[in-house]
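Chemist: To be precise about what I am sending: the file is called final-v2.tsv and holds TSV, N, CA and C atoms.
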chain	number	residue	atom	x	y	z
O	1	MET	N	-47.37	32.39	-41.18
O	1	MET	CA	-46.93	32.36	-39.80
O	1	MET	C	-48.12	31.96	-38.93
O	2	LEU	N	-47.92	31.02	-38.07
O	2	LEU	CA	-48.94	30.57	-37.12
O	2	LEU	C	-48.50	30.98	-35.72
O	3	LEU	N	-49.33	31.76	-35.04
O	3	LEU	CA	-49.08	32.13	-33.65
O	3	LEU	C	-50.24	31.61	-32.81
O	4	ILE	N	-49.93	30.94	-31.73
O	4	ILE	CA	-50.94	30.32	-30.89
O	4	ILE	C	-51.29	31.24	-29.74
O	5	LEU	N	-52.59	31.50	-29.56
O	5	LEU	CA	-53.05	32.33	-28.45
O	5	LEU	C	-53.27	31.48	-27.21
O	6	THR	N	-53.91	30.32	-27.38
O	6	THR	CA	-54.16	29.48	-26.22
O	6	THR	C	-54.40	28.04	-26.66
O	7	HIS	N	-54.20	27.16	-25.74
O	7	HIS	CA	-54.50	25.74	-25.95
O	7	HIS	C	-54.72	25.13	-24.58
O	8	ILE	N	-55.72	24.30	-24.47
O	8	ILE	CA	-56.02	23.66	-23.19
O	8	ILE	C	-56.01	22.15	-23.40
O	9	ASP	N	-55.20	21.47	-22.63
O	9	ASP	CA	-55.14	20.00	-22.69
O	9	ASP	C	-55.22	19.49	-21.26
O	10	ILE	N	-56.41	19.13	-20.84
O	10	ILE	CA	-56.60	18.72	-19.44
O	10	ILE	C	-56.03	17.34	-19.15
O	11	SER	N	-55.74	16.55	-20.20
O	11	SER	CA	-55.26	15.19	-19.96
O	11	SER	C	-53.80	15.14	-19.53
O	12	THR	N	-52.98	16.13	-19.93
O	12	THR	CA	-51.56	16.08	-19.61
O	12	THR	C	-51.18	16.86	-18.37
O	13	GLY	N	-51.98	17.87	-18.01
O	13	GLY	CA	-51.62	18.72	-16.88
O	13	GLY	C	-50.54	19.72	-17.22
O	14	LEU	N	-50.11	19.76	-18.49
O	14	LEU	CA	-49.08	20.72	-18.89
O	14	LEU	C	-49.69	22.10	-19.07
O	15	SER	N	-48.90	23.12	-18.74
O	15	SER	CA	-49.37	24.49	-18.95
O	15	SER	C	-49.33	24.82	-20.44
O	16	PHE	N	-50.03	25.86	-20.79
O	16	PHE	CA	-50.04	26.35	-22.17
O	16	PHE	C	-48.62	26.54	-22.70
O	17	PHE	N	-47.77	27.21	-21.92
O	17	PHE	CA	-46.41	27.48	-22.36
O	17	PHE	C	-45.59	26.21	-22.51
O	18	GLU	N	-45.77	25.25	-21.63
O	18	GLU	CA	-45.05	23.98	-21.73
O	18	GLU	C	-45.46	23.22	-22.99
O	19	ILE	N	-46.75	23.24	-23.31
O	19	ILE	CA	-47.24	22.55	-24.51
O	19	ILE	C	-46.67	23.20	-25.76
O	20	MET	N	-46.73	24.51	-25.84
O	20	MET	CA	-46.24	25.21	-27.03
O	20	MET	C	-44.73	24.99	-27.19
O	21	ASP	N	-44.00	25.06	-26.09
O	21	ASP	CA	-42.55	24.84	-26.15
O	21	ASP	C	-42.22	23.42	-26.58
O	22	SER	N	-42.99	22.43	-26.11
O	22	SER	CA	-42.70	21.04	-26.45
O	22	SER	C	-42.88	20.77	-27.95
O	23	PHE	N	-43.76	21.52	-28.61
O	23	PHE	CA	-43.96	21.37	-30.06
O	23	PHE	C	-43.16	22.39	-30.86
O	24	GLY	N	-42.44	23.26	-30.17
O	24	GLY	CA	-41.66	24.28	-30.87
O	24	GLY	C	-42.52	25.32	-31.56
O	25	LEU	N	-43.74	25.56	-31.04
O	25	LEU	CA	-44.66	26.51	-31.64
O	25	LEU	C	-44.48	27.89	-31.04
O	26	GLU	N	-44.64	28.90	-31.88
O	26	GLU	CA	-44.53	30.28	-31.43
O	26	GLU	C	-45.83	30.72	-30.76
O	27	LYS	N	-45.68	31.47	-29.70
O	27	LYS	CA	-46.85	31.99	-28.98
O	27	LYS	C	-47.01	33.47	-29.30
O	28	VAL	N	-48.23	33.98	-29.11
O	28	VAL	CA	-48.39	35.42	-29.22
O	28	VAL	C	-47.55	36.07	-28.12
O	29	PRO	N	-47.05	37.27	-28.34
O	29	PRO	CA	-46.24	37.92	-27.31
O	29	PRO	C	-47.05	38.20	-26.05
O	30	VAL	N	-46.42	38.00	-24.90
O	30	VAL	CA	-47.03	38.34	-23.62
O	30	VAL	C	-46.53	39.73	-23.25
O	31	VAL	N	-47.44	40.67	-23.11
O	31	VAL	CA	-47.07	42.05	-22.81
O	31	VAL	C	-46.92	42.26	-21.32
O	32	PHE	N	-47.84	41.71	-20.52
O	32	PHE	CA	-47.80	41.84	-19.07
O	32	PHE	C	-47.96	40.46	-18.44
O	33	ASN	N	-47.11	40.12	-17.48
O	33	ASN	CA	-47.24	38.86	-16.75
O	33	ASN	C	-47.99	39.05	-15.44
O	34	ASP	N	-47.54	39.95	-14.62
O	34	ASP	CA	-48.15	40.21	-13.33
O	34	ASP	C	-48.95	41.49	-13.47
O	35	PHE	N	-50.27	41.39	-13.48
O	35	PHE	CA	-51.09	42.51	-13.92
O	35	PHE	C	-52.39	42.58	-13.14
O	36	SER	N	-52.80	43.79	-12.79
O	36	SER	CA	-54.12	44.03	-12.20
O	36	SER	C	-54.92	44.84	-13.19
O	37	LEU	N	-56.13	44.41	-13.45
O	37	LEU	CA	-56.99	45.08	-14.41
O	37	LEU	C	-57.32	46.49	-13.95
O	38	PRO	N	-57.15	47.49	-14.84
O	38	PRO	CA	-57.50	48.86	-14.47
O	38	PRO	C	-58.99	48.98	-14.15
O	39	GLU	N	-59.35	50.05	-13.47
O	39	GLU	CA	-60.73	50.23	-13.05
O	39	GLU	C	-61.63	50.79	-14.14
O	40	SER	N	-61.06	51.42	-15.17
O	40	SER	CA	-61.92	52.03	-16.19
O	40	SER	C	-61.63	51.46	-17.57
O	41	ILE	N	-62.65	51.50	-18.40
O	41	ILE	CA	-62.51	51.06	-19.79
O	41	ILE	C	-61.56	51.99	-20.54
O	42	ASP	N	-61.60	53.28	-20.22
O	42	ASP	CA	-60.69	54.23	-20.89
O	42	ASP	C	-59.22	53.86	-20.66
O	43	GLU	N	-58.89	53.44	-19.44
O	43	GLU	CA	-57.51	53.02	-19.15
O	43	GLU	C	-57.13	51.79	-19.96
O	44	ILE	N	-58.06	50.85	-20.08
O	44	ILE	CA	-57.81	49.62	-20.85
O	44	ILE	C	-57.60	49.96	-22.32
O	45	LEU	N	-58.43	50.87	-22.85
O	45	LEU	CA	-58.29	51.26	-24.25
O	45	LEU	C	-56.98	52.00	-24.50
O	46	GLN	N	-56.53	52.79	-23.55
O	46	GLN	CA	-55.23	53.46	-23.69
O	46	GLN	C	-54.11	52.43	-23.75
O	47	MET	N	-54.21	51.38	-22.93
O	47	MET	CA	-53.20	50.32	-22.93
O	47	MET	C	-53.17	49.59	-24.27
O	48	ALA	N	-54.33	49.50	-24.93
O	48	ALA	CA	-54.42	48.77	-26.19
O	48	ALA	C	-53.66	49.49	-27.31
O	49	ASN	N	-53.48	50.80	-27.18
O	49	ASN	CA	-52.72	51.55	-28.18
O	49	ASN	C	-51.23	51.25	-28.00
O	50	GLY	N	-50.51	51.25	-29.08
O	50	GLY	CA	-49.06	51.03	-29.01
O	50	GLY	C	-48.56	50.33	-30.25
O	51	LYS	N	-47.28	50.08	-30.27
O	51	LYS	CA	-46.66	49.40	-31.40
O	51	LYS	C	-46.73	47.88	-31.23
O	52	SER	N	-46.82	47.20	-32.33
O	52	SER	CA	-46.84	45.74	-32.34
O	52	SER	C	-45.51	45.20	-31.85
O	53	GLN	N	-45.55	44.12	-31.09
O	53	GLN	CA	-44.31	43.47	-30.69
O	53	GLN	C	-43.79	42.54	-31.79
O	54	LEU	N	-44.65	42.23	-32.75
O	54	LEU	CA	-44.22	41.39	-33.87
O	54	LEU	C	-43.63	42.23	-35.00
O	55	ASN	N	-44.15	43.45	-35.17
O	55	ASN	CA	-43.66	44.36	-36.20
O	55	ASN	C	-43.64	45.76	-35.60
O	56	PRO	N	-42.49	46.21	-35.11
O	56	PRO	CA	-42.41	47.50	-34.43
O	56	PRO	C	-42.75	48.70	-35.32
O	57	ASP	N	-42.83	48.49	-36.63
O	57	ASP	CA	-43.21	49.58	-37.54
O	57	ASP	C	-44.72	49.73	-37.66
O	58	ALA	N	-45.47	48.81	-37.07
O	58	ALA	CA	-46.93	48.82	-37.19
O	58	ALA	C	-47.59	49.04	-35.83
O	59	ASN	N	-48.75	49.67	-35.86
O	59	ASN	CA	-49.56	49.78	-34.63
O	59	ASN	C	-50.17	48.42	-34.33
O	60	ARG	N	-50.25	48.10	-33.05
O	60	ARG	CA	-50.88	46.83	-32.71
O	60	ARG	C	-52.39	46.95	-32.85
O	61	GLU	N	-53.02	45.83	-33.10
O	61	GLU	CA	-54.47	45.78	-33.24
O	61	GLU	C	-55.16	45.97	-31.89
O	62	GLY	N	-54.52	45.52	-30.85
O	62	GLY	CA	-55.08	45.64	-29.51
O	62	GLY	C	-54.40	44.67	-28.57
O	63	LEU	N	-55.04	44.41	-27.45
O	63	LEU	CA	-54.51	43.48	-26.46
O	63	LEU	C	-55.59	42.48	-26.07
O	64	VAL	N	-55.17	41.24	-25.84
O	64	VAL	CA	-56.07	40.23	-25.31
O	64	VAL	C	-55.73	40.07	-23.83
O	65	PHE	N	-56.73	40.18	-23.00
O	65	PHE	CA	-56.57	40.02	-21.56
O	65	PHE	C	-57.15	38.66	-21.19
O	66	ARG	N	-56.38	37.89	-20.44
O	66	ARG	CA	-56.88	36.59	-19.99
O	66	ARG	C	-56.26	36.24	-18.65
O	67	THR	N	-56.96	35.42	-17.90
O	67	THR	CA	-56.44	35.00	-16.61
O	67	THR	C	-55.29	34.01	-16.83
O	68	ALA	N	-54.35	34.03	-15.93
O	68	ALA	CA	-53.19	33.14	-16.04
O	68	ALA	C	-53.48	31.74	-15.54
O	69	ASP	N	-54.59	31.56	-14.85
O	69	ASP	CA	-54.87	30.27	-14.24
O	69	ASP	C	-55.79	29.39	-15.10
O	70	ASP	N	-55.90	29.68	-16.40
O	70	ASP	CA	-56.69	28.87	-17.34
O	70	ASP	C	-58.14	28.73	-16.93
O	71	LYS	N	-58.72	29.76	-16.36
O	71	LYS	CA	-60.13	29.72	-16.01
O	71	LYS	C	-61.02	30.19	-17.17
O	72	ARG	N	-60.42	30.43	-18.31
O	72	ARG	CA	-61.14	30.78	-19.55
O	72	ARG	C	-61.85	32.12	-19.50
O	73	PHE	N	-61.35	33.06	-18.73
O	73	PHE	CA	-61.87	34.42	-18.78
O	73	PHE	C	-60.93	35.22	-19.65
O	74	SER	N	-61.47	35.77	-20.74
O	74	SER	CA	-60.63	36.60	-21.59
O	74	SER	C	-61.50	37.59	-22.37
O	75	PHE	N	-60.86	38.67	-22.78
O	75	PHE	CA	-61.52	39.63	-23.66
O	75	PHE	C	-60.44	40.39	-24.42
O	76	LYS	N	-60.84	41.02	-25.51
O	76	LYS	CA	-59.90	41.76	-26.33
O	76	LYS	C	-60.27	43.23	-26.32
O	77	ALA	N	-59.29	44.09	-26.08
O	77	ALA	CA	-59.46	45.53	-26.19
O	77	ALA	C	-58.81	45.94	-27.51
O	78	ILE	N	-59.61	46.45	-28.43
O	78	ILE	CA	-59.11	46.84	-29.75
O	78	ILE	C	-58.65	48.29	-29.69
O	79	SER	N	-57.46	48.53	-30.22
O	79	SER	CA	-56.87	49.86	-30.22
O	79	SER	C	-57.69	50.82	-31.08
O	80	ASN	N	-58.06	51.95	-30.51
O	80	ASN	CA	-58.75	52.98	-31.29
O	80	ASN	C	-57.85	53.52	-32.39
O	81	ASN	N	-56.55	53.62	-32.13
O	81	ASN	CA	-55.62	54.08	-33.16
O	81	ASN	C	-55.62	53.13	-34.35
O	82	PHE	N	-55.65	51.85	-34.08
O	82	PHE	CA	-55.71	50.85	-35.15
O	82	PHE	C	-57.00	51.00	-35.96
O	83	LEU	N	-58.12	51.20	-35.28
O	83	LEU	CA	-59.40	51.37	-35.96
O	83	LEU	C	-59.41	52.62	-36.82
O	84	LEU	N	-58.83	53.70	-36.32
O	84	LEU	CA	-58.79	54.95	-37.10
O	84	LEU	C	-57.93	54.80	-38.34
O	85	LEU	N	-56.82	54.07	-38.25
O	85	LEU	CA	-55.97	53.84	-39.43
O	85	LEU	C	-56.70	53.04	-40.47
O	86	ASP	N	-57.55	52.12	-40.02
O	86	ASP	CA	-58.30	51.26	-40.94
O	86	ASP	C	-59.33	52.06	-41.74
O	87	GLU	N	-59.80	53.20	-41.19
O	87	GLU	CA	-60.80	54.00	-41.87
O	87	GLU	C	-60.21	54.82	-43.01
O	88	GLU	N	-58.91	55.09	-42.97
O	88	GLU	CA	-58.27	55.95	-43.97
O	88	GLU	C	-58.20	55.31	-45.32
Would it be possible to restate this file's structure as structure tokens?
Modeler:
Amino acid sequence: MLLILTHIDISTGLSFFEIMDSFGLEKVPVVFNDFSLPESIDEILQMANGKSQLNPDANREGLVFRTADDKRFSFKAISNNFLLLDEE
């Protein structure tokens, strides 16, 4: 299974979603569309915990946060629950 996180094509002016849809490619699930970044890292890490949207029986690895305007600002918050399961 191939899931696309991002793609930038400045020559066409198409958005990421338009490009993926035009090729019939699956995108990673979008958890939040209209979002303000929390003020603390603890809040972000709490948000990273939860069930996977691809497999509801599994904990998600975390969340990738990125700007919607393709300014290339992004980071990943890894779920502490996921990390603890990996240690077992």
Chemist: Let's see if you can do this: from backbone DSSP, list all strand (DSSP E) residues in chain O, as number ranges by chain.
Modeler: O: 62-66, 74-78
Chemist: For a quick check of understanding, using only C-alpha atoms, which of O:Ile44, O:Ala68, O:Asp34, O:Asn80 has the smallest distance to Phe17 of chain O?
Modeler: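 Nearest to Phe17 of chain O: O:Ala68.
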Chemist: Counting only N, CA and C atoms, figure out which residue out of O:Asp42, O:Leu14, O:Phe35, O:Pro29 gets nearest to Leu54 of chain O.
Modeler: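 Residue with the minimum atom-to-atom distance to Leu54 of chain O: O:Pro29.
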Chemist: Just list as a list in words whatever in chain O DSSP marks as helix (DSSP H, G or I).
Modeler: Phe16, Phe17, Glu18, Ile19, Met20, Asp21, Ser22, Phe23, Ile41, Asp42, Glu43, Ile44, Leu45, Gln46, Met47, Ala48, Asn80, Asn81, Phe82, Leu83, Leu84, Leu85, Asp86 and Glu87 of chain O
Chemist: Any idea what the distance is between atom CA of Glu39 of chain O and atom CA of Ser52 of chain O?
Modeler: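 Result for atom CA of Glu39 of chain O versus atom CA of Ser52 of chain O: 24.2 Å, one decimal.
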Chemist: Would you work out the distance separating atom CA of Leu37 of chain O from atom CA of Phe75 of chain O, expressed in Å to one decimal?
Modeler: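 It comes out at 11.7 Å.
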Chemist: Kindly give the distance, in Å, that separates atom C of Ser15 of chain O and atom N of Lys27 of chain O, rounded to a single decimal.
Modeler: 12.0 Å
Chemist: Set the distance at 8 Å and use all atoms listed in the file: which residues neighbour Met47 of chain O once local chain neighbours fewer than 2 positions away are removed? I'd like the list as a short mmCIF file (atom, residue, chain, number, x, y, z; two decimals) with N, CA and C atoms, in the coordinates of the input.
Modeler:
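Below is the file result12.cif, written as the result:
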data_model
loop_
_atom_site.label_atom_id
_atom_site.label_comp_id
_atom_site.auth_asym_id
_atom_site.auth_seq_id
_atom_site.Cartn_x
_atom_site.Cartn_y
_atom_site.Cartn_z
N ILE O 41 -62.65 51.50 -18.40
CA ILE O 41 -62.51 51.06 -19.79
C ILE O 41 -61.56 51.99 -20.54
N ASP O 42 -61.60 53.28 -20.22
CA ASP O 42 -60.69 54.23 -20.89
C ASP O 42 -59.22 53.86 -20.66
N GLU O 43 -58.89 53.44 -19.44
CA GLU O 43 -57.51 53.02 -19.15
C GLU O 43 -57.13 51.79 -19.96
N ILE O 44 -58.06 50.85 -20.08
CA ILE O 44 -57.81 49.62 -20.85
C ILE O 44 -57.60 49.96 -22.32
N LEU O 45 -58.43 50.87 -22.85
CA LEU O 45 -58.29 51.26 -24.25
C LEU O 45 -56.98 52.00 -24.50
N ASN O 49 -53.48 50.80 -27.18
CA ASN O 49 -52.72 51.55 -28.18
C ASN O 49 -51.23 51.25 -28.00
N GLY O 50 -50.51 51.25 -29.08
CA GLY O 50 -49.06 51.03 -29.01
C GLY O 50 -48.56 50.33 -30.25
N GLY O 62 -54.52 45.52 -30.85
CA GLY O 62 -55.08 45.64 -29.51
C GLY O 62 -54.40 44.67 -28.57
N LEU O 63 -55.04 44.41 -27.45
CA LEU O 63 -54.51 43.48 -26.46
C LEU O 63 -55.59 42.48 -26.07
N ALA O 77 -59.29 44.09 -26.08
CA ALA O 77 -59.46 45.53 -26.19
C ALA O 77 -58.81 45.94 -27.51
N ILE O 78 -59.61 46.45 -28.43
CA ILE O 78 -59.11 46.84 -29.75
C ILE O 78 -58.65 48.29 -29.69
N SER O 79 -57.46 48.53 -30.22
CA SER O 79 -56.87 49.86 -30.22
C SER O 79 -57.69 50.82 -31.08
#
Chemist: Give the answer as one residue: which of O:Arg72, O:Ser11, O:Val30, O:Asp21 has the shortest atom-to-atom distance to Gln53 of chain O, using only C-alpha atoms?
Modeler: O:Val30
